[in-house]
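*Asks:* data20.pdb is reproduced below (PDB, C-alpha atoms).
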```pdb
ATOM      1  CA  MET A   1     -13.056  77.348  19.272
ATOM      2  CA  SER A   2     -12.796  74.683  21.902
ATOM      3  CA  THR A   3     -13.529  70.982  21.624
ATOM      4  CA  TYR A   4     -16.552  70.978  23.877
ATOM      5  CA  LEU A   5     -18.348  73.352  21.489
ATOM      6  CA  VAL A   6     -18.110  70.829  18.650
ATOM      7  CA  TYR A   7     -19.956  68.204  20.677
ATOM      8  CA  THR A   8     -22.424  70.682  22.084
ATOM      9  CA  ALA A   9     -23.201  72.209  18.691
ATOM     10  CA  GLY A  10     -23.655  68.714  17.281
ATOM     11  CA  GLY A  11     -26.061  67.969  20.091
ATOM     12  CA  VAL A  12     -28.063  71.135  19.473
ATOM     13  CA  LEU A  13     -28.248  70.266  15.769
ATOM     14  CA  LEU A  14     -29.428  66.713  16.516
ATOM     15  CA  TYR A  15     -32.043  68.065  18.892
ATOM     16  CA  ALA A  16     -33.393  70.488  16.296
ATOM     17  CA  LEU A  17     -33.443  67.727  13.645
ATOM     18  CA  GLY A  18     -35.381  65.518  16.036
ATOM     19  CA  THR A  19     -37.867  68.308  16.700
ATOM     20  CA  TYR A  20     -38.468  68.676  12.976
ATOM     21  CA  GLY A  21     -38.899  64.938  12.494
ATOM     22  CA  LEU A  22     -41.242  64.592  15.426
ATOM     23  CA  LEU A  23     -43.517  67.335  14.080
ATOM     24  CA  ALA A  24     -43.240  66.808  10.324
ATOM     25  CA  LYS A  25     -43.127  63.034   9.854
ATOM     26  CA  ARG A  26     -46.419  61.155   9.756
ATOM     27  CA  HIS A  27     -45.172  57.592  10.160
ATOM     28  CA  LEU A  28     -45.203  56.628  13.823
ATOM     29  CA  ILE A  29     -41.866  54.824  13.688
ATOM     30  CA  HIS A  30     -40.336  57.996  12.233
ATOM     31  CA  LYS A  31     -41.678  59.812  15.256
ATOM     32  CA  VAL A  32     -40.103  57.285  17.637
ATOM     33  CA  ILE A  33     -36.764  57.636  15.834
ATOM     34  CA  SER A  34     -37.078  61.434  16.002
ATOM     35  CA  ALA A  35     -37.638  61.270  19.748
ATOM     36  CA  ASN A  36     -34.450  59.185  19.911
ATOM     37  CA  PHE A  37     -32.641  61.890  17.927
ATOM     38  CA  MET A  38     -33.743  64.492  20.445
ATOM     39  CA  GLY A  39     -32.561  62.317  23.301
ATOM     40  CA  SER A  40     -29.160  61.751  21.695
ATOM     41  CA  GLY A  41     -28.872  65.499  21.143
ATOM     42  CA  VAL A  42     -29.491  66.140  24.822
ATOM     43  CA  PHE A  43     -26.886  63.536  25.752
ATOM     44  CA  LEU A  44     -24.294  65.116  23.465
ATOM     45  CA  ILE A  45     -25.009  68.562  24.902
ATOM     46  CA  LEU A  46     -24.661  67.253  28.457
ATOM     47  CA  ILE A  47     -21.449  65.352  27.750
ATOM     48  CA  GLY A  48     -20.015  68.295  25.836
ATOM     49  CA  LEU A  49     -20.828  70.800  28.561
ATOM     50  CA  GLY A  50     -19.391  68.474  31.194
ATOM     51  CA  ASN A  51     -16.007  68.660  29.508
ATOM     52  CA  ARG A  52     -15.260  72.326  30.133
ATOM     53  CA  SER A  53     -13.207  71.802  33.242
ATOM     54  CA  PRO A  54      -9.826  73.540  32.981
ATOM     55  CA  GLU A  55      -8.353  71.230  35.606
ATOM     56  CA  GLY A  56      -8.575  67.503  35.940
ATOM     57  CA  GLY A  57     -10.867  65.671  33.564
ATOM     58  CA  PRO A  58     -14.556  65.738  32.753
ATOM     59  CA  ASP A  59     -17.375  66.242  35.223
ATOM     60  CA  PRO A  60     -18.777  62.831  36.214
ATOM     61  CA  VAL A  61     -22.251  64.109  37.118
ATOM     62  CA  PRO A  62     -23.449  64.749  33.533
ATOM     63  CA  GLN A  63     -21.916  61.416  32.549
ATOM     64  CA  ALA A  64     -23.947  59.614  35.187
ATOM     65  CA  MET A  65     -27.057  61.545  34.127
ATOM     66  CA  VAL A  66     -26.510  60.544  30.499
ATOM     67  CA  LEU A  67     -26.046  56.919  31.529
ATOM     68  CA  THR A  68     -29.370  57.135  33.342
ATOM     69  CA  GLY A  69     -30.897  58.856  30.329
ATOM     70  CA  ILE A  70     -29.750  56.161  27.908
ATOM     71  CA  VAL A  71     -31.525  53.490  29.913
ATOM     72  CA  VAL A  72     -34.698  55.570  30.089
ATOM     73  CA  THR A  73     -34.439  56.159  26.322
ATOM     74  CA  VAL A  74     -34.192  52.419  25.723
ATOM     75  CA  ALA A  75     -37.317  51.929  27.817
ATOM     76  CA  LEU A  76     -39.105  54.755  25.976
ATOM     77  CA  THR A  77     -38.140  53.393  22.569
ATOM     78  CA  ALA A  78     -39.216  49.847  23.367
ATOM     79  CA  LEU A  79     -42.538  51.010  24.778
ATOM     80  CA  GLY A  80     -43.093  53.347  21.820
ATOM     81  CA  LEU A  81     -42.366  50.621  19.290
ATOM     82  CA  ALA A  82     -44.595  48.140  21.124
ATOM     83  CA  ILE A  83     -47.483  50.627  21.107
ATOM     84  CA  VAL A  84     -46.914  51.431  17.413
ATOM     85  CA  LYS A  85     -46.940  47.726  16.505
ATOM     86  CA  ARG A  86     -50.048  47.116  18.559
ATOM     87  CA  TYR A  87     -51.758  50.094  16.930
ATOM     88  CA  TYR A  88     -50.811  48.727  13.530
ATOM     89  CA  THR A  89     -52.208  45.257  14.204
ATOM     90  CA  ALA A  90     -55.360  46.752  15.679
ATOM     91  CA  THR A  91     -56.119  49.311  12.951
ATOM     92  CA  GLY A  92     -53.770  48.641  10.040
ATOM     93  CA  LEU A  93     -52.583  52.254  10.219
ATOM     94  CA  ASP A  94     -49.036  53.513  10.652
ATOM     95  CA  ASN A  95     -49.922  57.116  11.466
ATOM     96  CA  LEU A  96     -52.359  59.096  13.557
ATOM     97  CA  ASP A  97     -53.692  61.302  10.725
ATOM     98  CA  ASP A  98     -55.916  58.704   9.066
ATOM     99  CA  GLU A  99     -59.092  57.725  10.803
ATOM    100  CA  PRO A 100     -59.320  54.049  11.762
ATOM    101  CA  SER A 101     -62.150  52.392   9.843
ATOM    102  CA  ALA A 102     -65.159  51.342  11.892
ATOM    103  CA  GLY A 103     -64.858  47.780  13.107
ATOM    104  CA  GLY A 104     -61.140  47.723  12.430
ATOM    105  CA  ASP A 105     -60.477  47.158  16.100
ATOM    106  CA  ARG A 106     -60.717  43.599  17.202
TER     107      ARG A 106
ATOM    108  CA  MET B   1     -51.988  64.847   1.391
ATOM    109  CA  GLY B   2     -49.872  64.640  -1.753
ATOM    110  CA  ASP B   3     -49.246  68.383  -1.680
ATOM    111  CA  ARG B   4     -48.140  68.258   1.910
ATOM    112  CA  ARG B   5     -45.265  65.948   1.194
ATOM    113  CA  ARG B   6     -43.747  67.954  -1.648
ATOM    114  CA  PHE B   7     -42.386  70.747   0.554
ATOM    115  CA  PRO B   8     -40.967  70.551   4.033
ATOM    116  CA  ALA B   9     -43.842  71.517   6.243
ATOM    117  CA  LEU B  10     -43.467  75.141   7.286
ATOM    118  CA  LEU B  11     -44.561  74.937  10.885
ATOM    119  CA  PRO B  12     -42.190  72.107  11.940
ATOM    120  CA  LEU B  13     -39.385  73.886  10.093
ATOM    121  CA  LEU B  14     -40.058  77.070  12.023
ATOM    122  CA  ALA B  15     -40.314  75.179  15.302
ATOM    123  CA  SER B  16     -37.038  73.321  14.838
ATOM    124  CA  GLY B  17     -35.312  76.492  13.664
ATOM    125  CA  GLY B  18     -36.559  78.234  16.779
ATOM    126  CA  VAL B  19     -35.331  75.377  18.953
ATOM    127  CA  LEU B  20     -31.963  75.496  17.200
ATOM    128  CA  ALA B  21     -31.585  79.230  17.776
ATOM    129  CA  PHE B  22     -32.854  79.143  21.350
ATOM    130  CA  VAL B  23     -30.796  76.173  22.587
ATOM    131  CA  GLY B  24     -27.754  77.245  20.582
ATOM    132  CA  ARG B  25     -27.856  80.691  22.113
ATOM    133  CA  ALA B  26     -28.280  79.261  25.606
ATOM    134  CA  VAL B  27     -25.317  76.928  25.115
ATOM    135  CA  LEU B  28     -23.074  79.636  23.669
ATOM    136  CA  ALA B  29     -23.899  81.946  26.550
ATOM    137  CA  LEU B  30     -22.273  79.558  29.034
ATOM    138  CA  PRO B  31     -18.720  80.300  30.161
ATOM    139  CA  PRO B  32     -16.114  78.291  28.208
ATOM    140  CA  ALA B  33     -14.450  77.021  31.370
ATOM    141  CA  ALA B  34     -16.313  75.645  34.341
ATOM    142  CA  ASN B  35     -15.423  72.967  36.811
ATOM    143  CA  GLY B  36     -18.960  71.866  37.548
ATOM    144  CA  LEU B  37     -18.835  69.331  40.316
ATOM    145  CA  ALA B  38     -15.788  67.445  39.061
ATOM    146  CA  VAL B  39     -13.523  68.296  41.988
ATOM    147  CA  GLU B  40     -16.141  67.718  44.703
ATOM    148  CA  MET B  41     -17.127  64.407  43.136
ATOM    149  CA  ARG B  42     -13.555  63.186  42.940
ATOM    150  CA  ASP B  43     -12.959  63.984  46.609
ATOM    151  CA  GLY B  44     -16.290  62.468  47.591
ATOM    152  CA  ALA B  45     -15.602  59.308  45.639
ATOM    153  CA  LYS B  46     -12.238  58.951  47.354
ATOM    154  CA  ALA B  47     -13.987  59.173  50.712
ATOM    155  CA  SER B  48     -16.699  56.657  49.750
ATOM    156  CA  GLY B  49     -14.252  53.949  48.692
ATOM    157  CA  ILE B  50     -15.699  53.663  45.162
ATOM    158  CA  LYS B  51     -12.822  54.557  42.900
ATOM    159  CA  ASN B  52     -14.861  54.919  39.707
ATOM    160  CA  VAL B  53     -16.390  58.370  40.049
ATOM    161  CA  VAL B  54     -19.289  57.694  37.668
ATOM    162  CA  THR B  55     -20.325  54.624  39.672
ATOM    163  CA  ALA B  56     -20.057  56.642  42.863
ATOM    164  CA  VAL B  57     -22.309  59.335  41.390
ATOM    165  CA  LEU B  58     -24.812  56.797  40.064
ATOM    166  CA  LEU B  59     -25.251  54.678  43.146
ATOM    167  CA  ASP B  60     -24.121  56.903  45.981
ATOM    168  CA  PHE B  61     -24.418  60.653  45.469
ATOM    169  CA  ARG B  62     -27.373  60.483  43.117
ATOM    170  CA  GLY B  63     -28.722  57.092  44.080
ATOM    171  CA  TYR B  64     -32.275  58.390  44.043
ATOM    172  CA  ASP B  65     -32.051  59.019  40.262
ATOM    173  CA  THR B  66     -30.840  55.507  39.663
ATOM    174  CA  LEU B  67     -33.548  54.033  41.876
ATOM    175  CA  LEU B  68     -36.263  55.810  39.911
ATOM    176  CA  GLU B  69     -34.576  54.929  36.637
ATOM    177  CA  ILE B  70     -34.737  51.230  37.473
ATOM    178  CA  ALA B  71     -38.394  51.705  38.351
ATOM    179  CA  VAL B  72     -38.970  53.348  34.944
ATOM    180  CA  LEU B  73     -37.204  50.495  33.165
ATOM    181  CA  MET B  74     -39.268  47.909  35.039
ATOM    182  CA  LEU B  75     -42.545  49.733  34.398
ATOM    183  CA  ALA B  76     -41.751  49.994  30.689
ATOM    184  CA  THR B  77     -40.946  46.287  30.592
ATOM    185  CA  VAL B  78     -44.216  45.422  32.309
ATOM    186  CA  ALA B  79     -46.089  47.662  29.860
ATOM    187  CA  VAL B  80     -44.402  46.116  26.823
ATOM    188  CA  LEU B  81     -45.001  42.609  28.182
ATOM    189  CA  SER B  82     -48.680  43.367  28.584
ATOM    190  CA  LEU B  83     -48.899  44.678  25.012
ATOM    191  CA  ARG B  84     -47.602  41.525  23.341
ATOM    192  CA  GLU B  85     -50.105  39.524  21.416
ATOM    193  CA  ASP B  86     -48.822  36.073  20.584
ATOM    194  CA  PRO B  87     -45.881  34.938  22.711
ATOM    195  CA  ALA B  88     -45.509  31.717  20.709
ATOM    196  CA  ALA B  89     -45.226  33.447  17.336
ATOM    197  CA  LEU B  90     -41.529  34.201  17.715
ATOM    198  CA  SER B  91     -40.598  30.620  18.583
ATOM    199  CA  ARG B  92     -42.541  29.334  15.567
ATOM    200  CA  ARG B  93     -40.619  31.763  13.444
ATOM    201  CA  ILE B  94     -37.201  30.908  14.855
ATOM    202  CA  ALA B  95     -37.630  27.138  15.153
ATOM    203  CA  GLY B  96     -35.105  25.287  13.016
ATOM    204  CA  ARG B  97     -33.729  28.432  11.384
ATOM    205  CA  ALA B  98     -30.336  28.542  13.108
ATOM    206  CA  GLY B  99     -27.600  27.051  10.931
ATOM    207  CA  PRO B 100     -24.419  25.317  12.167
ATOM    208  CA  VAL B 101     -22.341  28.497  11.983
ATOM    209  CA  LEU B 102     -24.679  30.518  14.176
ATOM    210  CA  GLY B 103     -24.912  27.570  16.571
ATOM    211  CA  ALA B 104     -21.141  27.233  16.904
ATOM    212  CA  LEU B 105     -20.694  30.969  17.247
ATOM    213  CA  THR B 106     -23.339  31.136  19.942
ATOM    214  CA  ARG B 107     -21.790  28.258  21.879
ATOM    215  CA  THR B 108     -18.501  30.183  21.915
ATOM    216  CA  LEU B 109     -19.855  33.677  22.459
ATOM    217  CA  ALA B 110     -22.598  33.186  25.028
ATOM    218  CA  PRO B 111     -20.387  31.946  27.898
ATOM    219  CA  LEU B 112     -17.831  34.644  27.084
ATOM    220  CA  MET B 113     -20.510  37.316  27.190
ATOM    221  CA  ILE B 114     -21.701  36.119  30.579
ATOM    222  CA  ILE B 115     -18.115  36.298  31.876
ATOM    223  CA  VAL B 116     -17.690  39.782  30.372
ATOM    224  CA  ALA B 117     -20.931  40.906  32.039
ATOM    225  CA  GLY B 118     -19.680  39.668  35.408
ATOM    226  CA  HIS B 119     -16.315  41.330  34.836
ATOM    227  CA  LEU B 120     -17.937  44.659  33.927
ATOM    228  CA  VAL B 121     -19.920  44.653  37.160
ATOM    229  CA  TRP B 122     -16.915  43.701  39.231
ATOM    230  CA  VAL B 123     -14.573  46.350  37.798
ATOM    231  CA  GLY B 124     -17.382  48.917  37.929
ATOM    232  CA  SER B 125     -16.261  50.079  41.350
ATOM    233  CA  SER B 126     -12.806  51.121  40.164
ATOM    234  CA  GLU B 127     -12.791  51.277  36.345
ATOM    235  CA  PRO B 128     -15.351  52.136  33.656
ATOM    236  CA  GLY B 129     -18.094  49.550  33.890
ATOM    237  CA  GLY B 130     -21.026  48.835  36.135
ATOM    238  CA  ALA B 131     -24.501  47.419  36.339
ATOM    239  CA  PHE B 132     -25.851  48.984  33.164
ATOM    240  CA  GLN B 133     -22.983  47.934  30.959
ATOM    241  CA  GLY B 134     -22.991  44.447  32.441
ATOM    242  CA  GLY B 135     -26.764  44.202  32.130
ATOM    243  CA  ALA B 136     -26.634  45.254  28.480
ATOM    244  CA  VAL B 137     -24.078  42.532  27.681
ATOM    245  CA  LEU B 138     -26.118  39.986  29.636
ATOM    246  CA  GLY B 139     -29.299  40.964  27.794
ATOM    247  CA  ALA B 140     -27.502  40.727  24.452
ATOM    248  CA  ALA B 141     -26.265  37.245  25.364
ATOM    249  CA  GLY B 142     -29.862  36.237  26.109
ATOM    250  CA  ILE B 143     -31.091  37.647  22.786
ATOM    251  CA  LEU B 144     -28.342  35.743  20.968
ATOM    252  CA  LEU B 145     -29.337  32.511  22.743
ATOM    253  CA  VAL B 146     -32.984  32.984  21.829
ATOM    254  CA  LEU B 147     -32.339  33.891  18.201
ATOM    255  CA  SER B 148     -30.131  30.872  17.676
ATOM    256  CA  GLY B 149     -32.692  28.552  19.204
ATOM    257  CA  TYR B 150     -30.888  27.677  22.445
ATOM    258  CA  ALA B 151     -33.419  29.379  24.697
ATOM    259  CA  GLN B 152     -37.174  29.528  24.488
ATOM    260  CA  PRO B 153     -38.589  32.948  23.605
ATOM    261  CA  ALA B 154     -41.821  32.088  25.390
ATOM    262  CA  TRP B 155     -40.204  32.343  28.778
ATOM    263  CA  ALA B 156     -40.321  36.141  28.676
ATOM    264  CA  GLY B 157     -43.466  36.171  30.787
ATOM    265  CA  GLN B 158     -42.704  33.307  33.124
ATOM    266  CA  ARG B 159     -42.756  33.648  36.868
ATOM    267  CA  ILE B 160     -39.027  33.178  37.452
ATOM    268  CA  VAL B 161     -38.208  35.832  34.855
ATOM    269  CA  ARG B 162     -40.640  38.228  36.488
ATOM    270  CA  TRP B 163     -38.821  37.715  39.767
ATOM    271  CA  VAL B 164     -35.456  38.349  38.141
ATOM    272  CA  LEU B 165     -36.953  41.486  36.566
ATOM    273  CA  THR B 166     -38.013  42.877  39.907
ATOM    274  CA  VAL B 167     -35.249  41.627  42.194
ATOM    275  CA  GLY B 168     -32.933  44.546  41.334
ATOM    276  CA  LEU B 169     -35.511  47.168  42.162
ATOM    277  CA  LEU B 170     -36.654  45.312  45.307
ATOM    278  CA  ALA B 171     -33.086  44.971  46.578
ATOM    279  CA  PHE B 172     -32.377  48.611  45.791
ATOM    280  CA  ILE B 173     -35.494  49.745  47.667
ATOM    281  CA  GLY B 174     -34.570  47.493  50.573
ATOM    282  CA  VAL B 175     -31.040  48.853  50.794
ATOM    283  CA  ALA B 176     -32.363  52.405  50.391
ATOM    284  CA  LEU B 177     -34.859  51.994  53.224
ATOM    285  CA  TYR B 178     -32.562  50.053  55.545
ATOM    286  CA  PRO B 179     -30.719  53.106  56.994
ATOM    287  CA  MET B 180     -34.046  54.667  57.964
ATOM    288  CA  PHE B 181     -34.593  52.010  60.642
ATOM    289  CA  GLY B 182     -31.407  53.210  62.316
ATOM    290  CA  GLY B 183     -32.493  56.830  62.258
ATOM    291  CA  GLY B 184     -30.698  57.723  59.036
ATOM    292  CA  SER B 185     -32.238  59.035  55.854
ATOM    293  CA  LEU B 186     -33.147  57.369  52.568
ATOM    294  CA  LEU B 187     -30.131  55.953  50.682
ATOM    295  CA  GLN B 188     -27.717  56.946  53.447
ATOM    296  CA  TYR B 189     -25.535  53.860  53.315
ATOM    297  CA  PRO B 190     -23.674  53.068  56.536
ATOM    298  CA  ALA B 191     -20.053  54.100  56.022
ATOM    299  CA  GLU B 192     -18.431  50.777  56.909
ATOM    300  CA  SER B 193     -20.513  48.616  54.543
ATOM    301  CA  ARG B 194     -21.022  51.171  51.770
ATOM    302  CA  LYS B 195     -18.857  49.461  49.195
ATOM    303  CA  SER B 196     -20.259  45.973  49.714
ATOM    304  CA  LEU B 197     -23.841  47.278  49.703
ATOM    305  CA  ILE B 198     -23.243  49.074  46.409
ATOM    306  CA  LEU B 199     -21.690  45.959  44.905
ATOM    307  CA  PHE B 200     -24.654  43.892  46.147
ATOM    308  CA  ILE B 201     -27.125  46.266  44.490
ATOM    309  CA  GLU B 202     -25.069  46.352  41.303
ATOM    310  CA  ILE B 203     -25.018  42.570  40.927
ATOM    311  CA  LEU B 204     -28.785  42.257  41.359
ATOM    312  CA  LEU B 205     -29.367  45.278  39.132
ATOM    313  CA  THR B 206     -27.288  43.636  36.408
ATOM    314  CA  LEU B 207     -29.536  40.579  36.458
ATOM    315  CA  SER B 208     -32.664  42.735  36.387
ATOM    316  CA  ILE B 209     -31.402  44.979  33.587
ATOM    317  CA  GLY B 210     -30.360  41.962  31.527
ATOM    318  CA  ALA B 211     -33.760  40.348  32.018
ATOM    319  CA  SER B 212     -35.438  43.677  31.179
ATOM    320  CA  ILE B 213     -33.583  44.111  27.906
ATOM    321  CA  LEU B 214     -34.276  40.519  26.919
ATOM    322  CA  SER B 215     -37.954  40.814  27.831
ATOM    323  CA  LEU B 216     -38.310  44.092  25.943
ATOM    324  CA  PHE B 217     -36.803  42.477  22.874
ATOM    325  CA  LEU B 218     -38.827  39.264  23.091
ATOM    326  CA  ALA B 219     -42.097  40.994  23.854
ATOM    327  CA  SER B 220     -41.800  43.494  21.039
ATOM    328  CA  ALA B 221     -40.613  40.797  18.653
ATOM    329  CA  SER B 222     -43.596  38.612  19.474
ATOM    330  CA  ALA B 223     -46.109  41.438  19.174
ATOM    331  CA  THR B 224     -46.550  40.979  15.438
ATOM    332  CA  ALA B 225     -44.080  38.226  14.690
ATOM    333  CA  GLY B 226     -44.776  36.635  11.333
ATOM    334  CA  GLY B 227     -46.089  39.933  10.057
ATOM    335  CA  GLU B 228     -49.635  38.579   9.689
ATOM    336  CA  ARG B 229     -52.497  40.933  10.114
ATOM    337  CA  PRO B 230     -55.809  39.870  11.579
TER     338      PRO B 230
END
```
Mind turning this structure into structure tokens?
*Replies:*
Amino acid sequence: MSTYLVYTAGGVLLYALGTYGLLAKRHLIHKVISANFMGSGVFLILIGLGNRSPEGGPDPVPQAMVLTGIVVTVALTALGLAIVKRYYTATGLDNLDDEPSAGGDR
Amino acid sequence: MGDRRRFPALLPLLASGGVLAFVGRAVLALPPAANGLAVEMRDGAKASGIKNVVTAVLLDFRGYDTLLEIAVLMLATVAVLSLREDPAALSRRIAGRAGPVLGALTRTLAPLMIIVAGHLVWVGSSEPGGAFQGGAVLGAAGILLVLSGYAQPAWAGQRIVRWVLTVGLLAFIGVALYPMFGGGSLLQYPAESRKSLILFIEILLTLSIGASILSLFLASASATAGGERP
């Protein structure tokens, strides 16, 4: 059992957890957090897999890709939260299952 | 609806179990030892004059990714800024709330954070660090200044801030296009000025990323600040 597998397996687990949350949770903020879970899982998998080199340190390419991914995740999260908040002020709902009442939009 | 919450929903459980099995199997099937591109990247970084390999990958070998990433960040910021409802709500909420301790702490921390941000960018070419780390520290310093009442939250949408938001991307596009006038291809930095060009982009990117993070925070905080519903 090598070290990289620990990180990679953790990443796979996080990704699966995020998938469950994204599909099963109704609250929109839960869904945003679940998407973040999935992203973090992908990052862990990438970083873990980049550390399999038998000679001379980790692979910098996955690291750079993860760095890029973190910034995109921040952008995604902020946009998601802004849309959720706007949806809440417009309809008073925190999920997409309930129908907005007529005239609830301003 | 009450019944649905008592048990974990079956379909999501199946889906995530399937994802777990599928991705897990794919990961386990990979060989336990692989060099990837580590060796090539280290040699390439040595040739490019950027000693930090990750920075070399980000801005040189895979500069196109980073260019598009900055565009994504800017687009998201513009979208969040256009979704905010009451830009003044946050300042009403903050006004007069900062106590003497937070004030003193901010006066000590904010200049330090700006120095740290500059340092992170500067060492980014040889040590861990770079535009994103520096920009994150810069953005955090801005958030601290706003929350303690030293800066106005309303300036998130002002013209100067919009320029700072875009200057990183504009400079990056300019530097990326510049070699094409000399017959080169996109992002093919001229060898003699490669390091200074990358540093130039990094400094402007830091400002843009810092402004982006601050704007994202301010805009989403002002969207429903005060918690009142119409």
*Asks:* Name every residue that the PyMOL selection byres ((chain A) within 7 of (chain B)) selects in this structure, writing the answer as a list in words with chains first and numbers rising.
*Replies:*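 Applied to this file, the PyMOL selection byres ((chain A) within 7 of (chain B)) returns Val12, Leu13, Ala16, Leu17, Thr19, Tyr20, Leu23, Ala24, Arg52, Ser53, Pro54, Pro58, Asp59, Pro60, Val61, Gln63, Ala64, Thr68, Val72, Ala75, Ala78, Leu79, Ala82, Lys85, Arg86 and Thr89 of chain A.
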*Asks:* How about saving the chosen residues, C-alpha atoms kept, as a short mmCIF file (atom, residue, chain, number, x, y, z; two decimals), in the frame of the given file?
*Replies:*
```cif
data_model
loop_
_atom_site.label_atom_id
_atom_site.label_comp_id
_atom_site.auth_asym_id
_atom_site.auth_seq_id
_atom_site.Cartn_x
_atom_site.Cartn_y
_atom_site.Cartn_z
CA VAL A 12 -28.06 71.14 19.47
CA LEU A 13 -28.25 70.27 15.77
CA ALA A 16 -33.39 70.49 16.30
CA LEU A 17 -33.44 67.73 13.64
CA THR A 19 -37.87 68.31 16.70
CA TYR A 20 -38.47 68.68 12.98
CA LEU A 23 -43.52 67.33 14.08
CA ALA A 24 -43.24 66.81 10.32
CA ARG A 52 -15.26 72.33 30.13
CA SER A 53 -13.21 71.80 33.24
CA PRO A 54 -9.83 73.54 32.98
CA PRO A 58 -14.56 65.74 32.75
CA ASP A 59 -17.38 66.24 35.22
CA PRO A 60 -18.78 62.83 36.21
CA VAL A 61 -22.25 64.11 37.12
CA GLN A 63 -21.92 61.42 32.55
CA ALA A 64 -23.95 59.61 35.19
CA THR A 68 -29.37 57.14 33.34
CA VAL A 72 -34.70 55.57 30.09
CA ALA A 75 -37.32 51.93 27.82
CA ALA A 78 -39.22 49.85 23.37
CA LEU A 79 -42.54 51.01 24.78
CA ALA A 82 -44.60 48.14 21.12
CA LYS A 85 -46.94 47.73 16.50
CA ARG A 86 -50.05 47.12 18.56
CA THR A 89 -52.21 45.26 14.20
#
```
*Asks:* Write out as an mmCIF file with C-alpha atoms, keeping the file's coordinate frame which residues come within 8 Å of A:Ile29 when counting all atoms listed in the file, dropping same-chain ones fewer than 5 positions away.
*Replies:*
```
data_model
loop_
_atom_site.group_PDB
_atom_site.id
_atom_site.type_symbol
_atom_site.label_atom_id
_atom_site.label_comp_id
_atom_site.auth_asym_id
_atom_site.auth_seq_id
_atom_site.Cartn_x
_atom_site.Cartn_y
_atom_site.Cartn_z
ATOM 1 C CA LEU A 81 -42.366 50.621 19.290
ATOM 2 C CA VAL A 84 -46.914 51.431 17.413
ATOM 3 C CA ASP A 94 -49.036 53.513 10.652
#
```
*Asks:* The centre and edge lengths of an axis-aligned box containing all atoms of stretch 38-46 of chain A present in the file, extended by 8 Å on each side, are to be given in Å to one decimal, as AutoDock Vina command-line options.
*Replies:*
```
--center_x -29.0 --center_y 65.2 --center_z 24.5 --size_x 25.4 --size_y 22.8 --size_z 24.0
```
*Asks:* Leaving out A:Gly10 and any residue of its chain fewer than 3 positions from it, which residues lie within 12 Å of it when counting all atoms listed in the file, given as a ChimeraX atom specification?
*Replies:* /A:3-7,13-17,37-38,40-49 /B:20,23-24,27
*Asks:* Those selected residues, please, written with C-alpha atoms and delivered as a compact mmCIF listing (two decimals), in the frame of the given file.
*Replies:*
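And here is the file that came out, out-v6.txt:
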```txt
# COMPACT_ATOMS: atom_id res chain seq x y z
CA THR A 3 -13.53 70.98 21.62
CA TYR A 4 -16.55 70.98 23.88
CA LEU A 5 -18.35 73.35 21.49
CA VAL A 6 -18.11 70.83 18.65
CA TYR A 7 -19.96 68.20 20.68
CA LEU A 13 -28.25 70.27 15.77
CA LEU A 14 -29.43 66.71 16.52
CA TYR A 15 -32.04 68.06 18.89
CA ALA A 16 -33.39 70.49 16.30
CA LEU A 17 -33.44 67.73 13.64
CA PHE A 37 -32.64 61.89 17.93
CA MET A 38 -33.74 64.49 20.44
CA SER A 40 -29.16 61.75 21.70
CA GLY A 41 -28.87 65.50 21.14
CA VAL A 42 -29.49 66.14 24.82
CA PHE A 43 -26.89 63.54 25.75
CA LEU A 44 -24.29 65.12 23.46
CA ILE A 45 -25.01 68.56 24.90
CA LEU A 46 -24.66 67.25 28.46
CA ILE A 47 -21.45 65.35 27.75
CA GLY A 48 -20.02 68.30 25.84
CA LEU A 49 -20.83 70.80 28.56
CA LEU B 20 -31.96 75.50 17.20
CA VAL B 23 -30.80 76.17 22.59
CA GLY B 24 -27.75 77.24 20.58
CA VAL B 27 -25.32 76.93 25.12
```
*Asks:* Please report the interatomic distance between atom CA of B:Arg159 and atom CA of B:Thr106 in Å with one decimal.
*Replies:*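 One can read the atom CA of B:Arg159 to atom CA of B:Thr106 distance as 25.9 Å.
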*Asks:* Can you translate the PyMOL selection byres ((chain B and resi 112-120) around 12) into the concrete residues it hits in this file, as JSON, numbers by chain?
*Replies:* {"B": [55, 105, 106, 107, 108, 109, 110, 111, 121, 122, 123, 124, 125, 126, 127, 128, 129, 130, 131, 132, 133, 134, 135, 136, 137, 138, 139, 140, 141, 142, 143, 144, 145, 199, 202, 203, 204, 205, 206, 207, 209, 210]}
*Asks:* Go ahead and compute the interatomic distance for atom CA of A:Ala35 and atom CA of A:Gly21, in Å to one decimal.
*Replies:* 8.2 Å
*Asks:* What is the distance, in Å and to one decimal place, between atom CA of B:Phe200 and atom CA of B:Asp43?
*Replies:*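 About the pair atom CA of B:Phe200 and atom CA of B:Asp43: they are 23.3 Å apart.
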*Asks:* Kindly indicate which residue among A:Ala9, A:Leu22, A:Ala90, A:Ile83 lies nearest to A:Asn36, using all atoms listed in the file for the distances.
*Replies:*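 Using all atoms listed in the file, the shortest distance to A:Asn36 belongs to A:Leu22.
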*Asks:* Where does the PyMOL selection byres ((chain B and resi 149) around 9) land in this file, that is, which residues does it pick, as a PyMOL selection string?
*Replies:* chain B and resi 91+94-98+103+144-148+150-153
